[in-house]
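**Q** What follows is upload.csv; its format and atoms are CSV, N, CA and C atoms.
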```
chain,number,residue,atom,x,y,z
R,125,MET,N,0.8,-1.2,0.0
R,125,MET,CA,0.0,0.0,0.0
R,125,MET,C,0.9,1.2,0.0
R,126,ILE,N,0.6,2.2,-0.9
R,126,ILE,CA,1.3,3.5,-0.9
R,126,ILE,C,0.4,4.4,-0.1
R,127,LEU,N,1.1,5.1,0.8
R,127,LEU,CA,0.5,6.1,1.7
R,127,LEU,C,0.6,7.5,1.0
R,128,ASP,N,-0.6,8.1,0.8
R,128,ASP,CA,-0.6,9.5,0.3
R,128,ASP,C,-0.3,10.5,1.4
R,129,SER,N,0.2,11.6,1.0
R,129,SER,CA,0.5,12.6,2.1
R,129,SER,C,-0.8,13.1,2.8
R,130,SER,N,-1.9,13.0,2.2
R,130,SER,CA,-3.1,13.5,2.8
R,130,SER,C,-3.4,12.8,4.2
R,131,ILE,N,-3.1,11.5,4.2
R,131,ILE,CA,-3.4,10.7,5.5
R,131,ILE,C,-2.2,11.0,6.4
R,132,LEU,N,-1.0,11.2,5.9
R,132,LEU,CA,0.1,11.4,6.8
R,132,LEU,C,0.0,12.8,7.5
R,133,VAL,N,-0.5,13.8,6.7
R,133,VAL,CA,-0.7,15.1,7.3
R,133,VAL,C,-1.8,15.1,8.3
R,134,ALA,N,-2.9,14.4,8.0
R,134,ALA,CA,-4.0,14.2,8.9
R,134,ALA,C,-3.5,13.5,10.2
R,135,PHE,N,-2.7,12.5,10.1
R,135,PHE,CA,-2.1,11.8,11.2
R,135,PHE,C,-1.3,12.8,12.1
R,136,GLU,N,-0.5,13.6,11.4
R,136,GLU,CA,0.4,14.5,12.2
R,136,GLU,C,-0.5,15.5,13.0
R,137,ARG,N,-1.7,15.8,12.4
R,137,ARG,CA,-2.6,16.8,13.1
R,137,ARG,C,-3.5,16.1,14.0
R,138,ARG,N,-3.3,14.8,14.3
R,138,ARG,CA,-4.1,14.0,15.2
R,138,ARG,C,-5.5,13.8,14.7
R,139,ARG,N,-5.7,13.8,13.4
R,139,ARG,CA,-7.1,13.6,12.9
R,139,ARG,C,-7.2,12.3,12.1
R,140,PHE,N,-6.3,11.4,12.3
R,140,PHE,CA,-6.3,10.2,11.5
R,140,PHE,C,-5.6,9.1,12.3
R,141,ASP,N,-6.3,7.9,12.4
R,141,ASP,CA,-5.8,6.7,13.1
R,141,ASP,C,-4.9,5.9,12.1
R,142,LEU,N,-3.7,6.1,12.1
R,142,LEU,CA,-2.8,5.5,11.1
R,142,LEU,C,-2.5,4.0,11.5
R,143,GLU,N,-2.6,3.7,12.7
R,143,GLU,CA,-2.4,2.3,13.2
R,143,GLU,C,-3.3,1.3,12.5
R,144,ARG,N,-4.6,1.6,12.4
R,144,ARG,CA,-5.6,0.7,11.9
R,144,ARG,C,-5.4,0.4,10.4
R,145,PRO,N,-5.2,1.3,9.5
R,145,PRO,CA,-4.9,0.9,8.1
R,145,PRO,C,-3.6,0.1,8.0
R,146,LEU,N,-2.6,0.5,8.8
R,146,LEU,CA,-1.3,-0.3,8.8
R,146,LEU,C,-1.5,-1.7,9.2
R,147,THR,N,-2.5,-2.0,10.1
R,147,THR,CA,-2.8,-3.3,10.5
R,147,THR,C,-3.7,-4.0,9.5
R,148,ASP,N,-4.7,-3.3,9.0
R,148,ASP,CA,-5.7,-3.9,8.1
R,148,ASP,C,-5.2,-4.1,6.7
R,149,HIS,N,-4.1,-3.5,6.2
R,149,HIS,CA,-3.7,-3.6,4.8
R,149,HIS,C,-2.2,-4.0,4.7
R,150,SER,N,-1.8,-4.1,3.5
R,150,SER,CA,-0.4,-4.6,3.2
R,150,SER,C,0.6,-3.6,3.8
R,151,PRO,N,1.8,-4.0,3.9
R,151,PRO,CA,2.9,-3.1,4.4
R,151,PRO,C,2.9,-1.8,3.6
R,152,PRO,N,3.2,-0.7,4.3
R,152,PRO,CA,3.2,0.6,3.7
R,152,PRO,C,4.5,0.9,3.0
R,153,ALA,N,4.4,1.8,2.0
R,153,ALA,CA,5.5,2.5,1.4
R,153,ALA,C,5.0,3.9,1.0
R,154,ILE,N,6.0,4.7,0.7
R,154,ILE,CA,5.6,6.1,0.3
R,154,ILE,C,6.3,6.4,-1.0
R,155,ALA,N,5.7,7.1,-1.9
R,155,ALA,CA,6.2,7.6,-3.2
R,155,ALA,C,7.2,8.7,-2.9
R,156,ALA,N,8.2,8.8,-3.7
R,156,ALA,CA,9.2,9.9,-3.6
R,156,ALA,C,8.5,11.2,-3.6
R,157,MET,N,7.4,11.4,-4.3
R,157,MET,CA,6.7,12.7,-4.3
R,157,MET,C,6.0,12.9,-3.0
R,158,THR,N,5.5,11.9,-2.3
R,158,THR,CA,4.9,12.0,-1.0
R,158,THR,C,6.0,12.6,-0.1
R,159,ALA,N,7.2,12.0,-0.1
R,159,ALA,CA,8.3,12.5,0.7
R,159,ALA,C,8.6,14.0,0.4
R,160,ALA,N,8.5,14.3,-0.9
R,160,ALA,CA,8.8,15.7,-1.2
R,160,ALA,C,7.7,16.6,-0.7
R,161,GLU,N,6.4,16.2,-0.7
R,161,GLU,CA,5.3,17.0,-0.2
R,161,GLU,C,5.5,17.2,1.4
R,162,LEU,N,5.9,16.1,2.0
R,162,LEU,CA,6.1,16.2,3.5
R,162,LEU,C,7.3,17.1,3.8
R,163,LEU,N,8.3,17.0,3.0
R,163,LEU,CA,9.5,17.9,3.3
R,163,LEU,C,9.2,19.4,2.9
R,164,LEU,N,8.3,19.6,2.0
R,164,LEU,CA,7.8,20.9,1.7
R,164,LEU,C,7.1,21.5,2.9
R,165,GLY,N,6.3,20.7,3.6
R,165,GLY,CA,5.7,21.2,4.8
R,165,GLY,C,6.7,21.6,5.9
R,166,VAL,N,7.8,20.9,5.9
R,166,VAL,CA,8.9,21.3,6.9
R,166,VAL,C,9.5,22.6,6.5
R,167,GLU,N,9.8,22.8,5.2
R,167,GLU,CA,10.4,24.0,4.7
R,167,GLU,C,9.5,25.2,4.8
R,168,ARG,N,8.2,25.0,4.8
R,168,ARG,CA,7.2,26.1,4.8
R,168,ARG,C,6.7,26.4,6.2
R,169,ALA,N,7.3,25.7,7.2
R,169,ALA,CA,6.9,26.0,8.6
R,169,ALA,C,7.1,27.5,9.0
R,170,ASP,N,6.1,28.0,9.7
R,170,ASP,CA,6.2,29.5,10.0
R,170,ASP,C,6.9,29.8,11.3
R,171,THR,N,7.2,28.8,12.1
R,171,THR,CA,8.0,29.1,13.3
R,171,THR,C,9.1,28.0,13.5
R,172,PRO,N,10.1,28.3,14.2
R,172,PRO,CA,11.2,27.3,14.4
R,172,PRO,C,10.6,26.1,15.1
R,173,GLU,N,9.7,26.3,16.1
R,173,GLU,CA,9.1,25.2,16.8
R,173,GLU,C,8.3,24.3,15.9
R,174,ARG,N,7.5,24.9,15.0
R,174,ARG,CA,6.7,24.1,14.1
R,174,ARG,C,7.6,23.3,13.1
R,175,ARG,N,8.6,24.0,12.7
R,175,ARG,CA,9.6,23.3,11.7
R,175,ARG,C,10.2,22.1,12.4
R,176,GLN,N,10.6,22.3,13.7
R,176,GLN,CA,11.3,21.1,14.4
R,176,GLN,C,10.3,20.0,14.6
R,177,ARG,N,9.0,20.3,14.9
R,177,ARG,CA,8.0,19.3,15.1
R,177,ARG,C,7.7,18.6,13.8
R,178,ARG,N,7.6,19.3,12.7
R,178,ARG,CA,7.3,18.7,11.4
R,178,ARG,C,8.5,17.8,11.0
R,179,GLU,N,9.7,18.4,11.2
R,179,GLU,CA,10.9,17.6,10.7
R,179,GLU,C,11.0,16.3,11.5
R,180,SER,N,10.8,16.3,12.8
R,180,SER,CA,10.8,15.1,13.6
R,180,SER,C,9.8,14.1,13.1
R,181,PHE,N,8.5,14.6,12.9
R,181,PHE,CA,7.5,13.8,12.4
R,181,PHE,C,7.9,13.1,11.1
R,182,VAL,N,8.3,13.9,10.2
R,182,VAL,CA,8.7,13.4,8.8
R,182,VAL,C,9.8,12.4,8.9
R,183,GLU,N,10.8,12.6,9.7
R,183,GLU,CA,11.9,11.7,9.8
R,183,GLU,C,11.5,10.4,10.5
R,184,ASN,N,10.5,10.5,11.4
R,184,ASN,CA,10.0,9.3,12.0
R,184,ASN,C,9.2,8.5,11.0
R,185,ILE,N,8.6,9.1,10.0
R,185,ILE,CA,7.9,8.4,8.9
R,185,ILE,C,8.9,7.7,8.0
R,186,PHE,N,9.9,8.5,7.6
R,186,PHE,CA,10.9,8.0,6.7
R,186,PHE,C,11.7,6.8,7.2
R,187,SER,N,11.9,6.8,8.5
R,187,SER,CA,12.8,5.8,9.1
R,187,SER,C,12.2,4.3,8.8
R,188,PRO,N,11.0,4.0,9.2
R,188,PRO,CA,10.5,2.6,9.0
R,188,PRO,C,9.8,2.3,7.7
R,189,VAL,N,9.4,3.4,7.0
R,189,VAL,CA,8.6,3.2,5.8
R,189,VAL,C,9.4,3.3,4.5
R,190,PRO,N,9.5,2.3,3.7
R,190,PRO,CA,10.3,2.3,2.4
R,190,PRO,C,9.8,3.4,1.5
R,191,LEU,N,10.7,4.0,0.8
R,191,LEU,CA,10.5,5.1,-0.1
R,191,LEU,C,10.7,4.5,-1.5
R,192,VAL,N,9.7,4.7,-2.4
R,192,VAL,CA,9.7,4.2,-3.8
R,192,VAL,C,10.1,5.4,-4.7
R,193,ALA,N,11.2,5.2,-5.4
R,193,ALA,CA,11.7,6.2,-6.3
R,193,ALA,C,10.8,6.4,-7.5
R,194,PHE,N,10.9,7.6,-8.1
R,194,PHE,CA,10.2,7.8,-9.4
R,194,PHE,C,11.3,7.6,-10.5
R,195,ASP,N,11.1,6.6,-11.3
R,195,ASP,CA,12.1,6.2,-12.3
R,195,ASP,C,11.5,6.0,-13.6
R,196,LEU,N,12.2,5.4,-14.6
R,196,LEU,CA,11.6,5.3,-15.9
R,196,LEU,C,10.3,4.5,-16.0
R,197,PRO,N,10.1,3.4,-15.3
R,197,PRO,CA,8.8,2.7,-15.3
R,197,PRO,C,7.7,3.7,-14.9
R,198,GLN,N,7.9,4.4,-13.8
R,198,GLN,CA,6.9,5.4,-13.4
R,198,GLN,C,6.7,6.5,-14.4
R,199,ALA,N,7.8,7.0,-15.0
R,199,ALA,CA,7.7,8.0,-16.0
R,199,ALA,C,6.9,7.6,-17.2
R,200,ARG,N,7.0,6.3,-17.6
R,200,ARG,CA,6.2,5.8,-18.7
R,200,ARG,C,4.7,5.8,-18.4
R,201,LEU,N,4.4,5.3,-17.2
R,201,LEU,CA,3.0,5.3,-16.7
R,201,LEU,C,2.5,6.7,-16.6
R,202,PHE,N,3.3,7.6,-16.1
R,202,PHE,CA,2.9,9.0,-16.0
R,202,PHE,C,2.5,9.5,-17.3
R,203,ALA,N,3.3,9.4,-18.3
R,203,ALA,CA,3.0,9.8,-19.7
R,203,ALA,C,1.7,9.2,-20.2
R,204,PHE,N,1.6,7.9,-20.0
R,204,PHE,CA,0.4,7.2,-20.5
R,204,PHE,C,-0.9,7.7,-19.9
R,205,HIS,N,-0.9,7.8,-18.5
R,205,HIS,CA,-2.1,8.2,-17.8
R,205,HIS,C,-2.4,9.7,-18.0
R,206,PHE,N,-1.3,10.5,-18.1
R,206,PHE,CA,-1.6,12.0,-18.4
R,206,PHE,C,-2.3,12.1,-19.7
R,207,ALA,N,-1.8,11.4,-20.8
R,207,ALA,CA,-2.4,11.5,-22.1
R,207,ALA,C,-3.8,10.9,-22.1
R,208,GLU,N,-4.0,9.8,-21.3
R,208,GLU,CA,-5.4,9.2,-21.3
R,208,GLU,C,-6.4,10.2,-20.6
R,209,LEU,N,-5.9,10.8,-19.5
R,209,LEU,CA,-6.8,11.7,-18.8
R,209,LEU,C,-7.1,12.9,-19.7
R,210,SER,N,-6.1,13.4,-20.3
R,210,SER,CA,-6.3,14.6,-21.2
R,210,SER,C,-7.3,14.3,-22.4
R,211,ALA,N,-7.2,13.1,-22.9
R,211,ALA,CA,-8.1,12.7,-24.0
R,211,ALA,C,-9.5,12.6,-23.5
R,212,ARG,N,-9.7,12.3,-22.2
R,212,ARG,CA,-11.1,12.3,-21.6
R,212,ARG,C,-11.5,13.7,-21.1
R,213,GLY,N,-10.6,14.6,-21.3
R,213,GLY,CA,-11.0,16.0,-20.8
R,213,GLY,C,-10.9,16.1,-19.3
R,214,GLU,N,-10.1,15.3,-18.7
R,214,GLU,CA,-9.9,15.3,-17.2
R,214,GLU,C,-8.4,15.5,-16.9
R,215,THR,N,-8.2,16.0,-15.7
R,215,THR,CA,-6.8,16.1,-15.2
R,215,THR,C,-6.7,15.8,-13.8
R,216,ILE,N,-5.6,15.6,-13.3
R,216,ILE,CA,-5.3,15.6,-11.8
R,216,ILE,C,-3.9,16.3,-11.7
R,217,GLY,N,-3.6,16.8,-10.5
R,217,GLY,CA,-2.4,17.4,-10.3
R,217,GLY,C,-1.2,16.5,-10.6
R,218,ASN,N,-0.1,17.1,-11.1
R,218,ASN,CA,1.1,16.3,-11.5
R,218,ASN,C,1.6,15.6,-10.3
R,219,ARG,N,1.6,16.2,-9.1
R,219,ARG,CA,2.2,15.5,-7.9
R,219,ARG,C,1.3,14.3,-7.6
R,220,ASP,N,0.0,14.4,-7.7
R,220,ASP,CA,-0.9,13.3,-7.4
R,220,ASP,C,-0.7,12.2,-8.5
R,221,LEU,N,-0.5,12.6,-9.7
R,221,LEU,CA,-0.3,11.7,-10.8
R,221,LEU,C,0.9,10.9,-10.5
R,222,GLU,N,2.0,11.5,-10.1
R,222,GLU,CA,3.2,10.8,-9.7
R,222,GLU,C,3.0,9.8,-8.7
R,223,ILE,N,2.3,10.2,-7.6
R,223,ILE,CA,2.0,9.2,-6.5
R,223,ILE,C,1.2,8.1,-7.1
R,224,ALA,N,0.2,8.4,-7.9
R,224,ALA,CA,-0.7,7.3,-8.4
R,224,ALA,C,0.1,6.3,-9.3
R,225,VAL,N,0.9,6.8,-10.2
R,225,VAL,CA,1.6,5.9,-11.0
R,225,VAL,C,2.7,5.1,-10.3
R,226,THR,N,3.2,5.7,-9.2
R,226,THR,CA,4.1,4.9,-8.3
R,226,THR,C,3.4,3.7,-7.8
R,227,ALA,N,2.2,3.9,-7.3
R,227,ALA,CA,1.4,2.7,-6.8
R,227,ALA,C,1.1,1.8,-7.9
R,228,LEU,N,0.7,2.3,-9.1
R,228,LEU,CA,0.4,1.4,-10.2
R,228,LEU,C,1.6,0.6,-10.7
R,229,SER,N,2.7,1.2,-10.7
R,229,SER,CA,3.9,0.5,-11.2
R,229,SER,C,4.3,-0.7,-10.3
R,230,LEU,N,3.9,-0.7,-9.1
R,230,LEU,CA,4.2,-1.8,-8.2
R,230,LEU,C,3.0,-2.7,-8.0
R,231,GLY,N,1.8,-2.3,-8.5
R,231,GLY,CA,0.6,-3.1,-8.3
R,231,GLY,C,0.1,-2.9,-6.9
R,232,TYR,N,0.4,-1.8,-6.3
R,232,TYR,CA,0.0,-1.5,-4.9
R,232,TYR,C,-1.3,-0.7,-4.9
R,233,ASP,N,-2.1,-0.8,-3.9
R,233,ASP,CA,-3.3,0.1,-3.6
R,233,ASP,C,-2.7,1.4,-3.1
R,234,LEU,N,-3.6,2.4,-3.2
R,234,LEU,CA,-3.3,3.8,-2.7
R,234,LEU,C,-4.2,4.1,-1.5
R,235,ALA,N,-3.6,4.5,-0.4
R,235,ALA,CA,-4.4,4.9,0.8
R,235,ALA,C,-4.4,6.5,0.7
R,236,THR,N,-5.6,7.1,0.6
R,236,THR,CA,-5.6,8.5,0.5
R,236,THR,C,-7.0,9.0,1.0
R,237,LEU,N,-7.0,10.3,1.5
R,237,LEU,CA,-8.2,11.0,1.8
R,237,LEU,C,-8.7,11.8,0.6
R,238,ASN,N,-7.9,11.8,-0.5
R,238,ASN,CA,-8.2,12.6,-1.6
R,238,ASN,C,-8.8,11.7,-2.8
R,239,VAL,N,-9.8,11.0,-2.4
R,239,VAL,CA,-10.4,10.0,-3.4
R,239,VAL,C,-10.9,10.7,-4.6
R,240,ARG,N,-11.5,11.8,-4.5
R,240,ARG,CA,-12.1,12.5,-5.7
R,240,ARG,C,-11.1,12.7,-6.8
R,241,GLU,N,-9.9,13.1,-6.4
R,241,GLU,CA,-8.8,13.4,-7.4
R,241,GLU,C,-8.3,12.1,-8.0
R,242,PHE,N,-8.0,11.1,-7.1
R,242,PHE,CA,-7.3,9.9,-7.6
R,242,PHE,C,-8.3,8.9,-8.3
R,243,GLN,N,-9.6,9.0,-8.1
R,243,GLN,CA,-10.5,8.1,-8.7
R,243,GLN,C,-10.6,8.3,-10.2
R,244,ARG,N,-10.1,9.4,-10.7
R,244,ARG,CA,-10.1,9.6,-12.2
R,244,ARG,C,-9.1,8.6,-12.9
R,245,ILE,N,-8.2,8.0,-12.2
R,245,ILE,CA,-7.3,7.0,-12.8
R,245,ILE,C,-8.0,5.7,-12.5
R,246,THR,N,-8.7,5.2,-13.5
R,246,THR,CA,-9.6,4.1,-13.4
R,246,THR,C,-9.0,2.8,-13.0
R,247,THR,N,-7.7,2.6,-13.3
R,247,THR,CA,-7.0,1.3,-13.0
R,247,THR,C,-6.4,1.4,-11.6
R,248,LEU,N,-6.4,2.5,-10.9
R,248,LEU,CA,-5.8,2.6,-9.6
R,248,LEU,C,-6.8,2.1,-8.5
R,249,LYS,N,-6.3,1.2,-7.7
R,249,LYS,CA,-7.1,0.7,-6.6
R,249,LYS,C,-6.9,1.6,-5.4
R,250,LEU,N,-8.0,2.1,-4.9
R,250,LEU,CA,-8.0,3.0,-3.7
R,250,LEU,C,-8.4,2.3,-2.5
R,251,ILE,N,-7.8,2.6,-1.4
R,251,ILE,CA,-8.2,2.1,-0.1
R,251,ILE,C,-9.1,3.1,0.6
R,252,ASP,N,-10.3,2.7,0.9
R,252,ASP,CA,-11.2,3.6,1.6
R,252,ASP,C,-10.7,3.8,3.1
R,253,VAL,N,-10.2,4.9,3.4
R,253,VAL,CA,-9.6,5.2,4.7
R,253,VAL,C,-10.5,6.1,5.5
R,254,SER,N,-11.7,6.4,5.0
R,254,SER,CA,-12.6,7.4,5.7
R,254,SER,C,-13.0,6.9,7.1
R,255,ASN,N,-13.0,5.6,7.3
R,255,ASN,CA,-13.3,5.0,8.6
R,255,ASN,C,-12.2,5.3,9.7
R,256,TYR,N,-11.1,5.7,9.2
R,256,TYR,CA,-10.0,5.9,10.1
R,256,TYR,C,-9.8,7.4,10.5
R,257,VAL,N,-10.7,8.2,10.0
R,257,VAL,CA,-10.6,9.7,10.3
R,257,VAL,C,-11.1,9.9,11.7
R,258,LEU,N,-10.4,10.6,12.5
R,258,LEU,CA,-10.8,10.9,13.9
R,258,LEU,C,-11.6,12.3,13.9
R,259,HIS,N,-12.7,12.3,14.6
R,259,HIS,CA,-13.5,13.5,14.6
R,259,HIS,C,-13.4,14.2,15.9
```
Show how you would write the structure in this file as structure tokens.
**A**
Amino acid sequence: MILDSSILVAFERRRFDLERPLTDHSPPAIAAMTAAELLLGVERADTPERRQRRESFVENIFSPVPLVAFDLPQARLFAFHFAELSARGETIGNRDLEIAVTALSLGYDLATLNVREFQRITTLKLIDVSNYVLH
């Protein structure tokens, strides 16, 4: 299972129970773009304290969770799905498309809170994680 940044950010904000999907689904991994999005949050922190807290959180995610690089197989899928979406008159953000094709390239499901965006890629299997949101 590839973890999208949407659930990791929700977990950091104490709005998501990450333990349950990790128990209920296959071992997690993150796409290189997910790592970049999390690191962007560190760089954009508006106080030194928030930066330190985010950096610690991100490093604790990176430590046990494998990172999947974006390489030629993913680039080929990116081009294919970008063209396919364009032909249908649909788009998704490039960062989300990178994350999606990373999951597809490995045959992994994608765990995300951003279902509306990712469901446009019809061959991508999404994990419904709405039950893990804390209210």
**Q** Rank nothing, just name the residue among R:Asp128, R:Asp141, R:Asp148, R:Glu136 nearest to Val257 in chain R, using all atoms listed in the file.
**A**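 Under the stated criterion, the closest residue is R:Asp141.
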**Q** Using the chain letters and numbers from this document, which residues of range 155-206 of chain R does DSSP assign to alpha helix (DSSP H), as a CSV table (one decimal) with N, CA and C atoms, in the frame of the given file?
**A**
```csv
chain,number,residue,atom,x,y,z
R,156,ALA,N,8.2,8.8,-3.7
R,156,ALA,CA,9.2,9.9,-3.6
R,156,ALA,C,8.5,11.2,-3.6
R,157,MET,N,7.4,11.4,-4.3
R,157,MET,CA,6.7,12.7,-4.3
R,157,MET,C,6.0,12.9,-3.0
R,158,THR,N,5.5,11.9,-2.3
R,158,THR,CA,4.9,12.0,-1.0
R,158,THR,C,6.0,12.6,-0.1
R,159,ALA,N,7.2,12.0,-0.1
R,159,ALA,CA,8.3,12.5,0.7
R,159,ALA,C,8.6,14.0,0.4
R,160,ALA,N,8.5,14.3,-0.9
R,160,ALA,CA,8.8,15.7,-1.2
R,160,ALA,C,7.7,16.6,-0.7
R,161,GLU,N,6.4,16.2,-0.7
R,161,GLU,CA,5.3,17.0,-0.2
R,161,GLU,C,5.5,17.2,1.4
R,162,LEU,N,5.9,16.1,2.0
R,162,LEU,CA,6.1,16.2,3.5
R,162,LEU,C,7.3,17.1,3.8
R,163,LEU,N,8.3,17.0,3.0
R,163,LEU,CA,9.5,17.9,3.3
R,163,LEU,C,9.2,19.4,2.9
R,164,LEU,N,8.3,19.6,2.0
R,164,LEU,CA,7.8,20.9,1.7
R,164,LEU,C,7.1,21.5,2.9
R,165,GLY,N,6.3,20.7,3.6
R,165,GLY,CA,5.7,21.2,4.8
R,165,GLY,C,6.7,21.6,5.9
R,166,VAL,N,7.8,20.9,5.9
R,166,VAL,CA,8.9,21.3,6.9
R,166,VAL,C,9.5,22.6,6.5
R,167,GLU,N,9.8,22.8,5.2
R,167,GLU,CA,10.4,24.0,4.7
R,167,GLU,C,9.5,25.2,4.8
R,172,PRO,N,10.1,28.3,14.2
R,172,PRO,CA,11.2,27.3,14.4
R,172,PRO,C,10.6,26.1,15.1
R,173,GLU,N,9.7,26.3,16.1
R,173,GLU,CA,9.1,25.2,16.8
R,173,GLU,C,8.3,24.3,15.9
R,174,ARG,N,7.5,24.9,15.0
R,174,ARG,CA,6.7,24.1,14.1
R,174,ARG,C,7.6,23.3,13.1
R,175,ARG,N,8.6,24.0,12.7
R,175,ARG,CA,9.6,23.3,11.7
R,175,ARG,C,10.2,22.1,12.4
R,176,GLN,N,10.6,22.3,13.7
R,176,GLN,CA,11.3,21.1,14.4
R,176,GLN,C,10.3,20.0,14.6
R,177,ARG,N,9.0,20.3,14.9
R,177,ARG,CA,8.0,19.3,15.1
R,177,ARG,C,7.7,18.6,13.8
R,178,ARG,N,7.6,19.3,12.7
R,178,ARG,CA,7.3,18.7,11.4
R,178,ARG,C,8.5,17.8,11.0
R,179,GLU,N,9.7,18.4,11.2
R,179,GLU,CA,10.9,17.6,10.7
R,179,GLU,C,11.0,16.3,11.5
R,180,SER,N,10.8,16.3,12.8
R,180,SER,CA,10.8,15.1,13.6
R,180,SER,C,9.8,14.1,13.1
R,181,PHE,N,8.5,14.6,12.9
R,181,PHE,CA,7.5,13.8,12.4
R,181,PHE,C,7.9,13.1,11.1
R,182,VAL,N,8.3,13.9,10.2
R,182,VAL,CA,8.7,13.4,8.8
R,182,VAL,C,9.8,12.4,8.9
R,183,GLU,N,10.8,12.6,9.7
R,183,GLU,CA,11.9,11.7,9.8
R,183,GLU,C,11.5,10.4,10.5
R,184,ASN,N,10.5,10.5,11.4
R,184,ASN,CA,10.0,9.3,12.0
R,184,ASN,C,9.2,8.5,11.0
R,185,ILE,N,8.6,9.1,10.0
R,185,ILE,CA,7.9,8.4,8.9
R,185,ILE,C,8.9,7.7,8.0
R,186,PHE,N,9.9,8.5,7.6
R,186,PHE,CA,10.9,8.0,6.7
R,186,PHE,C,11.7,6.8,7.2
R,196,LEU,N,12.2,5.4,-14.6
R,196,LEU,CA,11.6,5.3,-15.9
R,196,LEU,C,10.3,4.5,-16.0
R,197,PRO,N,10.1,3.4,-15.3
R,197,PRO,CA,8.8,2.7,-15.3
R,197,PRO,C,7.7,3.7,-14.9
R,198,GLN,N,7.9,4.4,-13.8
R,198,GLN,CA,6.9,5.4,-13.4
R,198,GLN,C,6.7,6.5,-14.4
R,199,ALA,N,7.8,7.0,-15.0
R,199,ALA,CA,7.7,8.0,-16.0
R,199,ALA,C,6.9,7.6,-17.2
R,200,ARG,N,7.0,6.3,-17.6
R,200,ARG,CA,6.2,5.8,-18.7
R,200,ARG,C,4.7,5.8,-18.4
R,201,LEU,N,4.4,5.3,-17.2
R,201,LEU,CA,3.0,5.3,-16.7
R,201,LEU,C,2.5,6.7,-16.6
R,202,PHE,N,3.3,7.6,-16.1
R,202,PHE,CA,2.9,9.0,-16.0
R,202,PHE,C,2.5,9.5,-17.3
R,203,ALA,N,3.3,9.4,-18.3
R,203,ALA,CA,3.0,9.8,-19.7
R,203,ALA,C,1.7,9.2,-20.2
R,204,PHE,N,1.6,7.9,-20.0
R,204,PHE,CA,0.4,7.2,-20.5
R,204,PHE,C,-0.9,7.7,-19.9
R,205,HIS,N,-0.9,7.8,-18.5
R,205,HIS,CA,-2.1,8.2,-17.8
R,205,HIS,C,-2.4,9.7,-18.0
R,206,PHE,N,-1.3,10.5,-18.1
R,206,PHE,CA,-1.6,12.0,-18.4
R,206,PHE,C,-2.3,12.1,-19.7
```
**Q** May I ask for the distance between atom C of His149 in chain R and atom C of Ala193 in chain R, given in Å to one decimal place?
**A**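 These atoms are spaced 20.6 Å apart.
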**Q** Using only C-alpha atoms, which of R:Leu237, R:Ala156, R:Val182, R:Leu209 sits nearest Asp195 in chain R?
**A**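 The closest residue to Asp195 in chain R is R:Ala156.
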**Q** Just checking: using only C-alpha atoms, which residue out of R:Glu183, R:Glu143, R:Glu222, R:Glu241 ends up closest to Pro197 in chain R?
**A**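 Nearest candidate to Pro197 in chain R out of R:Glu183, R:Glu143, R:Glu222, R:Glu241: R:Glu222.
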**Q** Calculated over all atoms listed in the file, which of the candidates R:Val192, R:Ser187, R:Ala169, R:Arg177 has the smallest distance to Ala153 in chain R?
**A**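 Of R:Val192, R:Ser187, R:Ala169, R:Arg177, the one nearest Ala153 in chain R is R:Val192, counting all atoms listed in the file.
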**Q** Which residue gives the smallest distance to Ala159 in chain R among R:Asn218, R:Ser210, R:Ser129, R:Asn184, with only N, CA and C atoms counted?
**A** R:Ser129
**Q** Nearest residue to Asp233 in chain R out of R:Gln176, R:Ile251, R:Phe135, R:Ala155, using all atoms listed in the file?
**A**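 Distance minimum relative to Asp233 in chain R lands on R:Ile251.
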**Q** So that I can check the surroundings of Asp220 in chain R, please list as a list in words every protein, DNA and RNA residue that reaches within 8 Å of it, counting only N, CA and C atoms and ignoring chain neighbours fewer than 6 positions away.
**A**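 Close residues of Asp220 in chain R: Met157, Thr226, Glu241 and Phe242 of chain R.
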**Q** Could you tell me how far CA of Phe181 in chain R lies from CA of Arg240 in chain R, in Å and to one decimal?
**A**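 Those two atoms sit 26.7 Å apart.
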